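Read the structure below first, then the notes.
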2 protein chains.
Amino acid sequence: MKKDLLKIKLKKIFKNHKLSKKHSEICSNYIVNAELFGASGHGLARLKMYCDRINKKLINPKPKIKIKKISSSISHIDADNSIGFVSADIAIKKAIENAQKTGIGLVGVKKSGHYGLSSFYAEQAVKKNLIVFCFTNAPPALAPYGSRKSLFGTNPICFGAPTGKTPFIFDASTTIMNRGKIRRASKLGLKIPYGVALNKNGKITTNAKEALKGTQLPIGGFKGSGLAWMVDILSGIFTGGSHSGKTKDPFDDFSGPQNMGHLFITINPKIFIGSKFISEMKKNIQIVKRLPKAKGFNEILYPGERKSKTFKKNNNKDIKIAPKILKEMEQLYAVK
Amino acid sequence: MKKDLLKIKLKKIFKNHKLSKKHSEICSNYIVNAELFGASGHGLARLKMYCDRINKKLINPKPKIKIKKISSSISHIDADNSIGFVSADIAIKKAIENAQKTGIGLVGVKKSGHYGLSSFYAEQAVKKNLIVFCFTNAPPALAPYGSRKSLFGTNPICFGAPTGKTPFIFDASTTIMNRGKIRRASKLGLKIPYGVALNKNGKITTNAKEALKGTQLPIGGFKGSGLAWMVDILSGIFTGGSHSGKTKDPFDDFSGPQNMGHLFITINPKIFIGSKFISEMKKNIQIVKRLPKAKGFNEILYPGERKSKTFKKNNNKDIKIAPKILKEMEQLYAVK
């Protein structure tokens, strides 16, 4: 489907589900971007889920989002169970504004929901020449080190910095494999790689459905588990959001809103060394790119480069939509 | 050796090497703490190296450390090639002061050196009821993903938060094994585990000396490599410190000072939800600790708990010193 046609369809679907015109546009853009970035686990595969949660009054289509000013650097947002895209969009823009004023911005969000890729928000800050951290918690997917039961989410760590060219954006879950990819595999009946997840009995499984009921494995054992715990504290406890496994799975748990928390930290990279920051970033990247390559590599990419290339490649092509998802879309489009 | 006697000896060694009384005390305390925390790779094993670098005028024993105020939240420190302990000690105290005043503190340090364990500094902030991040770069140890040559350091990520009890302190290098441990193994002729490092020809090695000349492996492949790159940007480029493999190995490279960079971010955890932060932290930890245990585990510890237990256990015992290191100490003690 053509990108622009898909955007129009998505906007109508969100408007059909009572979102304002502006909020429908925000959601539509982020979902199309996920597809263009090659992150389909955060794209159309979630559309029906969002609509279901709106229908069941678990996502508030007309949220009264409150922004509380703590200082010129610090803001706290109560998202009133808004869809995650909308509250995170407001939050990153506030964080950018705060850092532009004072050199550093800190914005916490509570009562939000799944916001798609952290990269979406990081990229906005980097394009305004800021360093940025984005943290969000997520439904249980990962067992704390020493336990055999999922509690932490895939809890991504996202960090961005301007380079003068394509933004440096590191965005990785603390699990070996991203949950969105496992969900998509489960939806499409595909297998997952060996060694990334356990079934509910604690055995390694390549069956995506079993993995979703079991536990994903963290990067580096106790290190990945500790990083996920850090994200639970920063985005969950600190902001007033849900934490310690209380973040509801948006696909399976309709017993209440998600109350997810997000945290954005933005920093003006020029506060210490001025515009030398960009020239040193360029030098750094050049030095790394010129290193001797490992077997099987022709070039070394920095975080964010591959996604940016994928985006450019996909941006003028039709977006491929799996038949199952296309059918869901048609049904949602027909809703009045 | 008794802890207090060791401290006296170390103070005299640093004074023999022209450090002020105050700076000698700071260094002595951090080194003894490393031993008490069971992190000998950051303790006495480095003493001779520090003294060698002072003798060769690569560490400045009488630094003129400049603190530049950027705002009430942000400070930049030029450490004048001070020993890392001293500049990091000043920096974390400044970061604590800034966060206590404004809710958030950001302190960058340039022209510094190896500062021991990040936990030392994180703990100070947490004991003042702050959330804290500590970042420092380090000499080449890790090949960027796609390359076969070491460039990034072990670049630890350290995060701390108050719990009302033992501080939550996550402090982990982005490599599978800490370089300090490999150095110690090399010094004492011990083997390292299989799968944590490659030799200079790119083959897995269990020989610690060969591993030091080769490359360490990151946690989670491209994820660990990306996290190490993030730390290189934050602590190196952003602060005005060395980066992209320019941080000199303190043991092997006497061609100049290290010019290491550190970054400390401190946050008042009560700015959004007040004292509920501590009660929610307690709930969170309790929920995790009550999870069903994995095979081989009797209890689930949070990051920092094991080190704290080790510290308490070691605090009233004699500190064991390897004969080789004891001999080095005696020689350094005799220097006038």
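Chain identifiers are assigned as A, B, and so on, following the order in which chains appear in the structure tokens; residues are numbered from 1 within each chain, and ligands are numbered from 1 in order of appearance.
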For the interface of chain A with chain B (cut-off 7 Å, counting only C-alpha atoms), please tabulate each contacting residue of chain A alongside its nearest pair of atoms and their separation in Å to one decimal, rows sorted by chain and increasing number, as JSON lines.
```
{"residue": "A:His76", "atom": "CA", "partner": "B:Phe272", "partner_atom": "CA", "distance": 6.5}
{"residue": "A:Gly146", "atom": "CA", "partner": "B:Ile300", "partner_atom": "CA", "distance": 5.3}
{"residue": "A:Ser147", "atom": "CA", "partner": "B:Lys293", "partner_atom": "CA", "distance": 4.2}
{"residue": "A:Arg148", "atom": "CA", "partner": "B:Ala294", "partner_atom": "CA", "distance": 4.7}
{"residue": "A:Lys149", "atom": "CA", "partner": "B:Pro292", "partner_atom": "CA", "distance": 6.5}
{"residue": "A:Phe170", "atom": "CA", "partner": "B:Gly226", "partner_atom": "CA", "distance": 6.3}
{"residue": "A:Ala172", "atom": "CA", "partner": "B:Lys223", "partner_atom": "CA", "distance": 6.5}
{"residue": "A:Ile176", "atom": "CA", "partner": "B:Gly220", "partner_atom": "CA", "distance": 6.6}
{"residue": "A:Ile219", "atom": "CA", "partner": "B:Gly220", "partner_atom": "CA", "distance": 4.8}
{"residue": "A:Gly220", "atom": "CA", "partner": "B:Ile219", "partner_atom": "CA", "distance": 4.8}
{"residue": "A:Lys223", "atom": "CA", "partner": "B:Ala172", "partner_atom": "CA", "distance": 6.5}
{"residue": "A:Gly226", "atom": "CA", "partner": "B:Phe170", "partner_atom": "CA", "distance": 6.3}
{"residue": "A:Ile237", "atom": "CA", "partner": "B:Glu280", "partner_atom": "CA", "distance": 6.4}
{"residue": "A:Phe238", "atom": "CA", "partner": "B:Pro269", "partner_atom": "CA", "distance": 6.2}
{"residue": "A:Thr239", "atom": "CA", "partner": "B:Phe272", "partner_atom": "CA", "distance": 6.0}
{"residue": "A:Gly240", "atom": "CA", "partner": "B:Ile273", "partner_atom": "CA", "distance": 6.1}
{"residue": "A:Ser244", "atom": "CA", "partner": "B:Asn284", "partner_atom": "CA", "distance": 5.3}
{"residue": "A:Pro269", "atom": "CA", "partner": "B:Phe238", "partner_atom": "CA", "distance": 6.2}
{"residue": "A:Phe272", "atom": "CA", "partner": "B:Thr239", "partner_atom": "CA", "distance": 6.0}
{"residue": "A:Ile273", "atom": "CA", "partner": "B:Gly240", "partner_atom": "CA", "distance": 6.1}
{"residue": "A:Phe277", "atom": "CA", "partner": "B:Phe238", "partner_atom": "CA", "distance": 6.3}
{"residue": "A:Glu280", "atom": "CA", "partner": "B:Ile237", "partner_atom": "CA", "distance": 6.4}
{"residue": "A:Met281", "atom": "CA", "partner": "B:Ile237", "partner_atom": "CA", "distance": 6.9}
{"residue": "A:Asn284", "atom": "CA", "partner": "B:Ser244", "partner_atom": "CA", "distance": 5.3}
{"residue": "A:Ile287", "atom": "CA", "partner": "B:Ser244", "partner_atom": "CA", "distance": 6.8}
{"residue": "A:Leu291", "atom": "CA", "partner": "B:Ser147", "partner_atom": "CA", "distance": 6.1}
{"residue": "A:Pro292", "atom": "CA", "partner": "B:Ser147", "partner_atom": "CA", "distance": 5.7}
{"residue": "A:Lys293", "atom": "CA", "partner": "B:Ser147", "partner_atom": "CA", "distance": 4.2}
{"residue": "A:Ala294", "atom": "CA", "partner": "B:Ser147", "partner_atom": "CA", "distance": 4.5}
{"residue": "A:Phe297", "atom": "CA", "partner": "B:Gly146", "partner_atom": "CA", "distance": 5.7}
{"residue": "A:Ile300", "atom": "CA", "partner": "B:Gly146", "partner_atom": "CA", "distance": 5.3}
{"residue": "A:Pro303", "atom": "CA", "partner": "B:Gly226", "partner_atom": "CA", "distance": 6.5}
```
Chain B least-squares fitted onto chain A over all paired Cα atoms, as a short mmCIF file (atom, residue, chain, number, x, y, z; two decimals) with C-alpha atoms, in the first residue's frame:
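Saved to result.cif:
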```
data_model
loop_
_atom_site.label_atom_id
_atom_site.label_comp_id
_atom_site.auth_asym_id
_atom_site.auth_seq_id
_atom_site.Cartn_x
_atom_site.Cartn_y
_atom_site.Cartn_z
CA MET B 1 0.02 0.00 0.01
CA LYS B 2 1.23 3.54 -0.73
CA LYS B 3 2.51 5.29 2.39
CA ASP B 4 0.18 8.27 2.01
CA LEU B 5 -2.87 6.12 1.46
CA LEU B 6 -1.96 4.06 4.53
CA LYS B 7 -1.65 7.24 6.59
CA ILE B 8 -5.11 8.39 5.48
CA LYS B 9 -6.62 5.02 6.32
CA LEU B 10 -4.99 4.92 9.74
CA LYS B 11 -6.11 8.46 10.53
CA LYS B 12 -9.69 7.51 9.70
CA ILE B 13 -9.41 4.35 11.84
CA PHE B 14 -8.23 6.37 14.86
CA LYS B 15 -10.91 9.01 14.26
CA ASN B 16 -13.48 6.21 14.04
CA HIS B 17 -12.25 5.24 17.49
CA LYS B 18 -12.88 8.75 18.85
CA LEU B 19 -9.36 10.18 18.84
CA SER B 20 -9.11 13.87 17.92
CA LYS B 21 -7.90 14.78 14.44
CA LYS B 22 -4.52 15.86 15.83
CA HIS B 23 -4.02 12.73 17.94
CA SER B 24 -5.14 10.51 15.04
CA GLU B 25 -2.49 12.10 12.88
CA ILE B 26 0.24 11.63 15.52
CA CYS B 27 -0.63 7.91 15.93
CA SER B 28 -0.89 7.34 12.19
CA ASN B 29 2.54 8.90 11.58
CA TYR B 30 4.28 6.83 14.26
CA ILE B 31 2.74 3.57 13.05
CA VAL B 32 3.69 4.24 9.43
CA ASN B 33 7.20 5.19 10.59
CA ALA B 34 7.55 1.85 12.40
CA GLU B 35 6.78 0.08 9.12
CA LEU B 36 9.23 2.31 7.20
CA PHE B 37 11.96 1.67 9.79
CA GLY B 38 11.44 -2.07 9.33
CA ALA B 39 10.13 -2.44 12.88
CA SER B 40 6.81 -4.05 12.03
CA GLY B 41 6.48 -5.42 15.58
CA HIS B 42 5.75 -1.81 16.59
CA GLY B 43 3.61 -1.02 13.56
CA LEU B 44 0.38 -2.29 12.06
CA ALA B 45 0.62 -5.53 14.06
CA ARG B 46 -0.54 -3.46 17.06
CA LEU B 47 -3.36 -1.52 15.41
CA LYS B 48 -6.21 -3.86 16.38
CA MET B 49 -4.86 -4.01 19.95
CA TYR B 50 -4.99 -0.21 20.27
CA CYS B 51 -8.56 -0.12 18.95
CA ASP B 52 -9.64 -2.98 21.23
CA ARG B 53 -8.26 -1.15 24.24
CA ILE B 54 -10.05 2.06 23.24
CA ASN B 55 -13.32 0.14 22.82
CA LYS B 56 -12.88 -1.38 26.27
CA LYS B 57 -12.18 2.08 27.75
CA LEU B 58 -8.61 1.09 28.72
CA ILE B 59 -7.08 3.72 26.46
CA ASN B 60 -8.70 7.14 26.81
CA PRO B 61 -9.31 8.55 23.31
CA LYS B 62 -9.95 12.05 24.70
CA PRO B 63 -7.31 12.35 27.46
CA LYS B 64 -6.87 15.49 29.56
CA ILE B 65 -3.08 15.45 29.64
CA LYS B 66 -1.61 17.57 32.46
CA ILE B 67 1.92 18.96 32.29
CA LYS B 68 3.28 19.96 35.68
CA LYS B 69 6.28 22.28 35.71
CA ILE B 70 8.73 21.32 38.46
CA SER B 71 11.46 23.71 37.24
CA SER B 72 12.67 25.14 33.92
CA SER B 73 14.46 21.80 33.39
CA ILE B 74 12.00 19.34 34.91
CA SER B 75 8.38 18.49 33.99
CA HIS B 76 5.98 15.76 35.07
CA ILE B 77 3.18 14.61 32.79
CA ASP B 78 -0.01 12.82 33.81
CA ALA B 79 -1.12 11.27 30.52
CA ASP B 80 -4.65 10.37 31.70
CA ASN B 81 -4.42 6.91 30.05
CA SER B 82 -3.76 8.43 26.65
CA ILE B 83 -2.44 6.24 23.85
CA GLY B 84 1.36 6.15 24.38
CA PHE B 85 2.25 7.89 21.09
CA VAL B 86 0.41 11.06 22.07
CA SER B 87 1.80 11.45 25.59
CA ALA B 88 5.35 10.54 24.54
CA ASP B 89 5.11 13.02 21.67
CA ILE B 90 4.14 15.79 24.08
CA ALA B 91 6.82 14.68 26.56
CA ILE B 92 9.76 14.63 24.16
CA LYS B 93 8.79 18.06 22.81
CA LYS B 94 8.73 19.37 26.39
CA ALA B 95 12.10 17.73 27.15
CA ILE B 96 13.58 19.37 24.04
CA GLU B 97 12.21 22.78 25.07
CA ASN B 98 13.61 22.39 28.62
CA ALA B 99 17.11 21.42 27.42
CA GLN B 100 17.13 24.27 24.93
CA LYS B 101 16.40 26.68 27.79
CA THR B 102 18.67 25.31 30.54
CA GLY B 103 21.09 22.80 29.00
CA ILE B 104 19.31 19.81 30.54
CA GLY B 105 15.74 18.54 30.42
CA LEU B 106 14.07 15.81 32.46
CA VAL B 107 10.49 14.78 31.72
CA GLY B 108 8.64 11.93 33.41
CA VAL B 109 5.32 10.54 32.19
CA LYS B 110 2.83 8.41 34.12
CA LYS B 111 -0.50 6.84 33.13
CA SER B 112 0.64 6.26 29.58
CA GLY B 113 0.73 3.21 27.32
CA HIS B 114 2.95 1.52 24.73
CA TYR B 115 4.59 4.28 22.67
CA GLY B 116 6.14 2.30 19.81
CA LEU B 117 9.87 2.67 19.16
CA SER B 118 11.95 4.78 21.53
CA SER B 119 13.96 5.82 18.45
CA PHE B 120 10.99 7.92 17.25
CA TYR B 121 11.37 10.25 20.20
CA ALA B 122 15.17 10.12 20.40
CA GLU B 123 15.37 11.16 16.76
CA GLN B 124 13.32 14.29 17.38
CA ALA B 125 15.70 15.41 20.14
CA VAL B 126 18.82 14.60 18.12
CA LYS B 127 17.46 16.56 15.15
CA LYS B 128 17.28 19.54 17.53
CA ASN B 129 20.99 18.93 18.27
CA LEU B 130 20.52 17.36 21.67
CA ILE B 131 21.81 14.24 23.41
CA VAL B 132 18.89 12.16 24.64
CA PHE B 133 17.96 9.16 26.79
CA CYS B 134 14.52 7.53 26.48
CA PHE B 135 13.38 4.91 28.98
CA THR B 136 10.07 3.07 29.06
CA ASN B 137 8.92 0.03 30.94
CA ALA B 138 6.86 -2.73 29.37
CA PRO B 139 4.77 -5.78 30.36
CA PRO B 140 6.51 -8.79 31.98
CA ALA B 141 8.84 -10.54 29.54
CA LEU B 142 12.09 -11.15 31.41
CA ALA B 143 12.86 -13.07 34.61
CA PRO B 144 15.03 -11.17 37.11
CA TYR B 145 18.40 -12.91 37.49
CA GLY B 146 17.93 -15.70 40.03
CA SER B 147 14.22 -16.18 39.27
CA ARG B 148 12.37 -18.30 36.71
CA LYS B 149 9.32 -16.06 36.30
CA SER B 150 8.96 -13.06 33.97
CA LEU B 151 8.62 -9.74 35.75
CA PHE B 152 10.59 -7.00 34.01
CA GLY B 153 9.62 -5.89 30.53
CA THR B 154 11.96 -5.95 27.58
CA ASN B 155 12.73 -2.46 28.97
CA PRO B 156 14.73 -0.82 26.18
CA ILE B 157 17.62 1.57 26.65
CA CYS B 158 17.65 4.29 24.05
CA PHE B 159 20.41 6.87 23.65
CA GLY B 160 20.85 9.41 20.88
CA ALA B 161 23.47 11.98 19.94
CA PRO B 162 23.90 14.31 16.96
CA THR B 163 26.69 13.50 14.51
CA GLY B 164 26.26 16.26 11.92
CA LYS B 165 24.81 13.57 9.63
CA THR B 166 22.55 10.55 10.32
CA PRO B 167 21.65 10.61 14.04
CA PHE B 168 23.52 8.20 16.32
CA ILE B 169 20.61 6.33 17.91
CA PHE B 170 21.19 3.27 20.04
CA ASP B 171 17.86 1.63 20.83
CA ALA B 172 17.96 -1.89 22.21
CA SER B 173 15.86 -3.98 24.53
CA THR B 174 17.64 -5.62 27.45
CA THR B 175 16.49 -9.00 26.11
CA ILE B 176 18.42 -10.88 23.42
CA MET B 177 15.41 -10.63 21.03
CA ASN B 178 12.82 -7.83 20.89
CA ARG B 179 9.38 -8.88 22.14
CA GLY B 180 7.68 -7.12 19.19
CA LYS B 181 9.53 -9.50 16.86
CA ILE B 182 8.44 -12.53 18.89
CA ARG B 183 4.82 -11.28 18.86
CA ARG B 184 4.96 -10.85 15.10
CA ALA B 185 6.47 -14.34 14.70
CA SER B 186 3.68 -15.71 16.88
CA LYS B 187 1.03 -13.87 14.85
CA LEU B 188 2.46 -15.11 11.54
CA GLY B 189 3.32 -18.62 12.78
CA LEU B 190 7.10 -18.21 12.39
CA LYS B 191 9.84 -19.76 14.56
CA ILE B 192 12.24 -17.76 16.74
CA PRO B 193 16.01 -18.41 17.05
CA TYR B 194 17.35 -20.97 19.53
CA GLY B 195 18.53 -19.56 22.86
CA VAL B 196 16.54 -16.34 23.13
CA ALA B 197 13.60 -17.58 25.24
CA LEU B 198 12.39 -20.28 27.62
CA ASN B 199 8.92 -21.87 27.75
CA LYS B 200 6.86 -21.74 30.94
CA ASN B 201 8.65 -24.87 32.20
CA GLY B 202 12.04 -23.15 31.92
CA LYS B 203 13.21 -25.03 28.78
CA ILE B 204 14.62 -23.31 25.68
CA THR B 205 11.96 -22.99 22.97
CA THR B 206 11.87 -21.85 19.33
CA ASN B 207 8.06 -21.68 19.34
CA ALA B 208 7.07 -18.00 19.51
CA LYS B 209 3.72 -18.66 21.20
CA GLU B 210 5.40 -20.73 23.94
CA ALA B 211 8.09 -18.05 24.37
CA LEU B 212 5.41 -15.40 24.99
CA LYS B 213 4.00 -17.55 27.80
CA GLY B 214 7.48 -18.25 29.17
CA THR B 215 10.43 -15.93 29.69
CA GLN B 216 12.85 -14.12 27.41
CA LEU B 217 16.56 -14.27 28.16
CA PRO B 218 18.50 -11.06 28.96
CA ILE B 219 21.76 -9.97 27.36
CA GLY B 220 24.75 -10.86 29.53
CA GLY B 221 22.84 -12.70 32.28
CA PHE B 222 22.80 -10.60 35.46
CA LYS B 223 23.95 -7.54 33.50
CA GLY B 224 20.88 -7.45 31.22
CA SER B 225 18.65 -8.25 34.18
CA GLY B 226 20.18 -5.34 36.14
CA LEU B 227 19.74 -2.96 33.20
CA ALA B 228 16.06 -3.99 32.91
CA TRP B 229 15.66 -3.36 36.64
CA MET B 230 17.23 0.09 36.23
CA VAL B 231 14.70 0.91 33.49
CA ASP B 232 11.85 -0.33 35.72
CA ILE B 233 13.00 2.10 38.44
CA LEU B 234 13.55 5.07 36.10
CA SER B 235 10.44 4.79 33.95
CA GLY B 236 8.13 3.03 36.41
CA ILE B 237 8.79 3.86 40.06
CA PHE B 238 10.34 7.31 39.59
CA THR B 239 7.59 8.67 37.31
CA GLY B 240 4.67 7.24 39.31
CA GLY B 241 3.92 4.64 36.63
CA SER B 242 3.39 0.90 37.02
CA HIS B 243 6.37 -1.28 37.90
CA SER B 244 7.51 -4.67 39.22
CA GLY B 245 5.44 -6.63 36.72
CA LYS B 246 2.26 -4.55 37.13
CA THR B 247 2.41 -3.14 33.58
CA LYS B 248 -0.42 -4.96 31.84
CA ASP B 249 0.20 -6.82 28.61
CA PRO B 250 -1.77 -4.74 26.08
CA PHE B 251 -2.68 -7.79 23.98
CA ASP B 252 -3.77 -10.18 26.71
CA ASP B 253 -4.77 -8.24 29.79
CA PHE B 254 -7.92 -6.12 29.61
CA SER B 255 -8.38 -5.81 33.37
CA GLY B 256 -7.30 -2.14 33.43
CA PRO B 257 -5.18 0.57 31.75
CA GLN B 258 -1.44 -0.03 31.39
CA ASN B 259 -0.27 2.96 33.46
CA MET B 260 3.09 2.80 31.75
CA GLY B 261 5.80 5.28 32.61
CA HIS B 262 8.36 6.92 30.35
CA LEU B 263 11.39 9.07 31.15
CA PHE B 264 13.18 11.43 28.79
CA ILE B 265 16.51 13.11 29.58
CA THR B 266 17.80 15.70 27.10
CA ILE B 267 21.18 17.42 27.20
CA ASN B 268 22.74 20.18 25.11
CA PRO B 269 25.98 18.50 23.94
CA LYS B 270 27.72 21.85 23.52
CA ILE B 271 27.66 22.92 27.18
CA PHE B 272 31.21 21.70 27.87
CA ILE B 273 33.16 21.87 24.60
CA GLY B 274 30.95 23.96 22.27
CA SER B 275 30.73 23.06 18.60
CA LYS B 276 33.79 20.82 18.99
CA PHE B 277 31.26 18.20 20.06
CA ILE B 278 30.18 17.63 16.46
CA SER B 279 33.71 17.65 15.02
CA GLU B 280 34.86 15.14 17.66
CA MET B 281 31.81 12.95 16.95
CA LYS B 282 32.77 12.96 13.27
CA LYS B 283 36.39 12.02 14.11
CA ASN B 284 35.19 9.26 16.44
CA ILE B 285 32.90 7.71 13.84
CA GLN B 286 35.56 7.94 11.14
CA ILE B 287 38.14 6.18 13.33
CA VAL B 288 35.72 3.34 14.12
CA LYS B 289 34.67 2.94 10.49
CA ARG B 290 38.31 2.60 9.39
CA LEU B 291 39.07 -0.27 11.79
CA PRO B 292 39.91 -3.66 10.28
CA LYS B 293 36.66 -5.54 9.70
CA ALA B 294 35.59 -8.77 11.36
CA LYS B 295 34.87 -11.80 9.17
CA GLY B 296 31.61 -11.31 7.29
CA PHE B 297 31.57 -7.52 7.57
CA ASN B 298 32.23 -5.07 4.72
CA GLU B 299 31.57 -1.97 6.74
CA ILE B 300 31.01 -0.88 10.33
CA LEU B 301 27.74 0.93 10.97
CA TYR B 302 27.03 3.09 14.01
CA PRO B 303 23.76 2.61 15.92
CA GLY B 304 20.90 4.18 13.96
CA GLU B 305 22.60 4.01 10.58
CA ARG B 306 20.99 0.76 9.50
CA LYS B 307 17.49 1.92 10.50
CA SER B 308 18.05 5.19 8.67
CA LYS B 309 19.15 3.31 5.53
CA THR B 310 16.12 1.03 5.77
CA PHE B 311 13.87 4.07 6.17
CA LYS B 312 15.30 5.76 3.08
CA LYS B 313 15.01 2.55 1.07
CA ASN B 314 11.40 1.98 2.15
CA ASN B 315 10.25 5.58 2.04
CA ASN B 316 9.33 5.59 -1.64
CA LYS B 317 8.19 2.00 -1.88
CA ASP B 318 4.79 0.51 -1.18
CA ILE B 319 4.41 -0.80 2.36
CA LYS B 320 3.89 -4.57 2.43
CA ILE B 321 1.04 -5.61 4.70
CA ALA B 322 0.45 -9.24 5.73
CA PRO B 323 -3.03 -10.44 4.56
CA LYS B 324 -4.15 -11.15 8.13
CA ILE B 325 -3.31 -7.60 9.21
CA LEU B 326 -4.84 -6.11 6.06
CA LYS B 327 -8.12 -7.83 6.89
CA GLU B 328 -8.02 -6.44 10.46
CA MET B 329 -7.44 -2.97 9.03
CA GLU B 330 -10.41 -3.23 6.69
CA GLN B 331 -12.69 -4.21 9.55
CA LEU B 332 -11.44 -1.34 11.74
CA TYR B 333 -11.80 1.09 8.83
CA ALA B 334 -15.48 0.10 8.46
CA VAL B 335 -16.26 0.86 12.14
CA LYS B 336 -18.45 3.94 12.60
#
```
(request) Enumerate the residues of range 62-157 of chain B with a DSSP assignment of alpha helix (DSSP H), computed from the backbone, and present them as a PyMOL selection string. (result) chain B and resi 84-102+118-127
